[in-house]
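> Quick one: this structure, given as structure tokens, is what I'll be asking you about.
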Amino acid sequence: SGGGGEAQGRSRRTEETRDDKGAMVRISVLNDALRNMVNAERKGKRQVLIRPSSKVVVKFLQQMLKNGYINEFVLVDDHRAGKIVVSLNGRLNKCGVISPRYDISHHEIESWVGRLLPSRLFGKIVLTTSSGIMDHEEARRRKVGGKVLGFFY
């Protein structure tokens, strides 16, 4: 047992907490996945293994792929939660999850871009909307709002 953070049942490594049996349970799969990618990118790795997989993680990675921030990703089916192997290309500076998933209308997208991204010219905010998971520019074009999932630049 270590410092103050672990005494409350929190691990410093990933965002986890303990269930009633005392076992560790993962809070945010997307948060863990994005943090693993940023850390691997900062170390200069070419590939990173993300586990467990989820539909939201896959859709988020598709947005990153569409905008050229990653090269490719391969889903590995292990008959459990699944794994994803992502090949990095060095363009990713930072990505993160916005928690809680705030509701935003399409009028408020611009203010969120100013708050989260370093420049209006590059980077994307990923939203989950009634017409699927998309980046903020597509949401603005379609004039739909939704909930903020995260960002990358």
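In the structure tokens, the first chain shown is A, the next is B, and so on; residue numbers restart at 1 for each chain, and ligands run from 1 in the order shown.
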Excluding Val86 in chain A and its own-chain neighbours fewer than 6 positions away, which residues fall within 10 Å of it when counting only C-alpha atoms? Please give them as a ChimeraX atom specification.

/A:37,46-50,61,65,70-75

> List every residue of range 4-86 of chain A that has an atom at most 12 Å from any atom of range 146-151 of chain A, giving for each one its closest atom pair and the distance in Å to one decimal, counting only C-alpha atoms, sorted by chain and then by ascending residue number, as a tab-separated table.


```
residue	atom	partner	partner_atom	distance
A:Ser28	CA	A:Leu149	CA	11.3
A:Leu30	CA	A:Leu149	CA	8.9
A:Asn31	CA	A:Gly150	CA	8.9
A:Ala33	CA	A:Gly150	CA	11.9
A:Leu34	CA	A:Gly150	CA	9.4
A:Arg35	CA	A:Gly150	CA	11.7
A:Val56	CA	A:Leu149	CA	9.1
A:Val57	CA	A:Leu149	CA	10.2
A:Lys59	CA	A:Leu149	CA	10.8
A:Phe60	CA	A:Gly150	CA	8.6
A:Leu61	CA	A:Phe151	CA	11.2
A:Gln63	CA	A:Phe151	CA	10.2
A:Met64	CA	A:Phe151	CA	9.6
A:Tyr69	CA	A:Phe151	CA	11.7
```

> Can those selected residues be exported to a file as an mmCIF file, in the first residue's frame so that it contains all heavy atoms?


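What ended up in again-v6.cif:
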```
data_model
loop_
_atom_site.group_PDB
_atom_site.id
_atom_site.type_symbol
_atom_site.label_atom_id
_atom_site.label_comp_id
_atom_site.auth_asym_id
_atom_site.auth_seq_id
_atom_site.Cartn_x
_atom_site.Cartn_y
_atom_site.Cartn_z
ATOM 1 N N SER A 28 -13.650 3.881 -17.361
ATOM 2 C CA SER A 28 -13.820 4.353 -18.729
ATOM 3 C C SER A 28 -12.859 3.625 -19.661
ATOM 4 O O SER A 28 -11.649 3.838 -19.600
ATOM 5 C CB SER A 28 -13.570 5.861 -18.797
ATOM 6 O OG SER A 28 -13.521 6.283 -20.133
ATOM 7 N N LEU A 30 -12.788 3.995 -22.937
ATOM 8 C CA LEU A 30 -12.296 4.978 -23.908
ATOM 9 C C LEU A 30 -11.136 5.778 -23.330
ATOM 10 O O LEU A 30 -10.134 6.016 -23.999
ATOM 11 C CB LEU A 30 -13.443 5.901 -24.327
ATOM 12 C CG LEU A 30 -13.131 6.952 -25.381
ATOM 13 C CD1 LEU A 30 -12.702 6.315 -26.690
ATOM 14 C CD2 LEU A 30 -14.321 7.854 -25.612
ATOM 15 N N ASN A 31 -11.257 6.189 -22.072
ATOM 16 C CA ASN A 31 -10.198 6.965 -21.421
ATOM 17 C C ASN A 31 -8.898 6.170 -21.363
ATOM 18 O O ASN A 31 -7.830 6.707 -21.686
ATOM 19 C CB ASN A 31 -10.662 7.356 -20.013
ATOM 20 C CG ASN A 31 -9.857 8.489 -19.433
ATOM 21 O OD1 ASN A 31 -9.040 9.099 -20.119
ATOM 22 N ND2 ASN A 31 -10.077 8.782 -18.182
ATOM 23 N N ALA A 33 -7.997 3.697 -23.308
ATOM 24 C CA ALA A 33 -7.502 3.498 -24.671
ATOM 25 C C ALA A 33 -6.756 4.740 -25.165
ATOM 26 O O ALA A 33 -5.643 4.639 -25.686
ATOM 27 C CB ALA A 33 -8.659 3.171 -25.607
ATOM 28 N N LEU A 34 -7.362 5.913 -24.978
ATOM 29 C CA LEU A 34 -6.738 7.140 -25.468
ATOM 30 C C LEU A 34 -5.465 7.456 -24.690
ATOM 31 O O LEU A 34 -4.479 7.920 -25.263
ATOM 32 C CB LEU A 34 -7.725 8.314 -25.392
ATOM 33 C CG LEU A 34 -8.968 8.184 -26.275
ATOM 34 C CD1 LEU A 34 -9.816 9.427 -26.182
ATOM 35 C CD2 LEU A 34 -8.616 7.897 -27.713
ATOM 36 N N ARG A 35 -5.476 7.201 -23.388
ATOM 37 C CA ARG A 35 -4.271 7.459 -22.587
ATOM 38 C C ARG A 35 -3.137 6.539 -23.030
ATOM 39 O O ARG A 35 -1.985 6.984 -23.135
ATOM 40 C CB ARG A 35 -4.570 7.264 -21.104
ATOM 41 C CG ARG A 35 -3.411 7.751 -20.238
ATOM 42 C CD ARG A 35 -3.644 7.593 -18.763
ATOM 43 N NE ARG A 35 -4.654 8.510 -18.281
ATOM 44 C CZ ARG A 35 -5.719 8.131 -17.571
ATOM 45 N NH1 ARG A 35 -5.912 6.856 -17.298
ATOM 46 N NH2 ARG A 35 -6.580 9.011 -17.141
ATOM 47 N N VAL A 56 -17.578 2.153 -28.977
ATOM 48 C CA VAL A 56 -17.256 3.577 -28.921
ATOM 49 C C VAL A 56 -15.776 3.804 -29.241
ATOM 50 O O VAL A 56 -15.432 4.720 -29.985
ATOM 51 C CB VAL A 56 -17.615 4.166 -27.538
ATOM 52 C CG1 VAL A 56 -17.143 5.593 -27.409
ATOM 53 C CG2 VAL A 56 -19.111 4.088 -27.310
ATOM 54 N N VAL A 57 -14.896 2.944 -28.717
ATOM 55 C CA VAL A 57 -13.466 3.061 -29.005
ATOM 56 C C VAL A 57 -13.223 2.893 -30.501
ATOM 57 O O VAL A 57 -12.467 3.661 -31.107
ATOM 58 C CB VAL A 57 -12.651 2.028 -28.191
ATOM 59 C CG1 VAL A 57 -11.199 2.004 -28.641
ATOM 60 C CG2 VAL A 57 -12.728 2.335 -26.715
ATOM 61 N N LYS A 59 -15.337 3.463 -33.019
ATOM 62 C CA LYS A 59 -15.840 4.639 -33.740
ATOM 63 C C LYS A 59 -14.904 5.834 -33.562
ATOM 64 O O LYS A 59 -14.678 6.608 -34.492
ATOM 65 C CB LYS A 59 -17.241 5.016 -33.247
ATOM 66 C CG LYS A 59 -18.286 3.973 -33.517
ATOM 67 C CD LYS A 59 -18.771 4.041 -34.920
ATOM 68 C CE LYS A 59 -20.011 3.185 -35.113
ATOM 69 N NZ LYS A 59 -20.246 2.888 -36.519
ATOM 70 N N PHE A 60 -14.354 6.003 -32.339
ATOM 71 C CA PHE A 60 -13.407 7.093 -32.077
ATOM 72 C C PHE A 60 -12.164 6.915 -32.945
ATOM 73 O O PHE A 60 -11.683 7.872 -33.565
ATOM 74 C CB PHE A 60 -13.037 7.112 -30.595
ATOM 75 C CG PHE A 60 -12.526 8.436 -30.095
ATOM 76 C CD1 PHE A 60 -13.352 9.284 -29.392
ATOM 77 C CD2 PHE A 60 -11.216 8.825 -30.312
ATOM 78 C CE1 PHE A 60 -12.897 10.506 -28.920
ATOM 79 C CE2 PHE A 60 -10.744 10.039 -29.859
ATOM 80 C CZ PHE A 60 -11.587 10.877 -29.158
ATOM 81 N N LEU A 61 -11.659 5.669 -33.029
ATOM 82 C CA LEU A 61 -10.484 5.391 -33.850
ATOM 83 C C LEU A 61 -10.766 5.620 -35.328
ATOM 84 O O LEU A 61 -9.889 6.069 -36.070
ATOM 85 C CB LEU A 61 -10.002 3.959 -33.618
ATOM 86 C CG LEU A 61 -9.354 3.677 -32.270
ATOM 87 C CD1 LEU A 61 -9.068 2.195 -32.122
ATOM 88 C CD2 LEU A 61 -8.085 4.478 -32.092
ATOM 89 N N GLN A 63 -12.705 7.925 -36.533
ATOM 90 C CA GLN A 63 -12.594 9.375 -36.725
ATOM 91 C C GLN A 63 -11.126 9.797 -36.819
ATOM 92 O O GLN A 63 -10.767 10.631 -37.652
ATOM 93 C CB GLN A 63 -13.279 10.128 -35.576
ATOM 94 C CG GLN A 63 -14.781 10.026 -35.570
ATOM 95 C CD GLN A 63 -15.410 10.630 -36.812
ATOM 96 O OE1 GLN A 63 -14.969 11.640 -37.328
ATOM 97 N NE2 GLN A 63 -16.440 9.962 -37.308
ATOM 98 N N MET A 64 -10.271 9.209 -35.970
ATOM 99 C CA MET A 64 -8.842 9.541 -36.008
ATOM 100 C C MET A 64 -8.222 9.083 -37.322
ATOM 101 O O MET A 64 -7.376 9.783 -37.892
ATOM 102 C CB MET A 64 -8.123 8.902 -34.822
ATOM 103 C CG MET A 64 -8.548 9.457 -33.492
ATOM 104 S SD MET A 64 -7.822 8.584 -32.120
ATOM 105 C CE MET A 64 -6.404 9.585 -31.820
ATOM 106 N N TYR A 69 -4.746 10.906 -38.230
ATOM 107 C CA TYR A 69 -3.955 10.947 -37.001
ATOM 108 C C TYR A 69 -3.377 9.583 -36.629
ATOM 109 O O TYR A 69 -2.453 9.506 -35.828
ATOM 110 C CB TYR A 69 -4.785 11.518 -35.844
ATOM 111 C CG TYR A 69 -4.910 13.020 -35.921
ATOM 112 C CD1 TYR A 69 -5.875 13.618 -36.709
ATOM 113 C CD2 TYR A 69 -4.031 13.836 -35.223
ATOM 114 C CE1 TYR A 69 -5.975 14.996 -36.808
ATOM 115 C CE2 TYR A 69 -4.119 15.216 -35.315
ATOM 116 C CZ TYR A 69 -5.093 15.786 -36.106
ATOM 117 O OH TYR A 69 -5.176 17.143 -36.212
#
```

> Skipping near chain neighbours, those fewer than 2 positions away, what residues fall within 7 Å of Thr129 in chain A using only C-alpha atoms, listed as a ChimeraX atom specification?

/A:127,131-133,144-147

> For a test of reading the model, state the distance in Å between CA of Lys45 in chain A and CA of Cys95 in chain A, rounded to one decimal.

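Computing the Euclidean distance for CA of Lys45 in chain A and CA of Cys95 in chain A yields 16.0 Å.
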
> Measuring between only C-alpha atoms, which one of A:Lys55, A:Asn39, A:Thr128, A:Ser119 shows the shortest distance to Asp103 in chain A?

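With only C-alpha atoms as the atom set, the closest residue is A:Thr128.
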
> Could you jot down the CA of Asp78 in chain A to CA of Glu16 in chain A separation for me, Å, one decimal place?

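CA of Glu16 in chain A lies 22.7 Å from CA of Asp78 in chain A.
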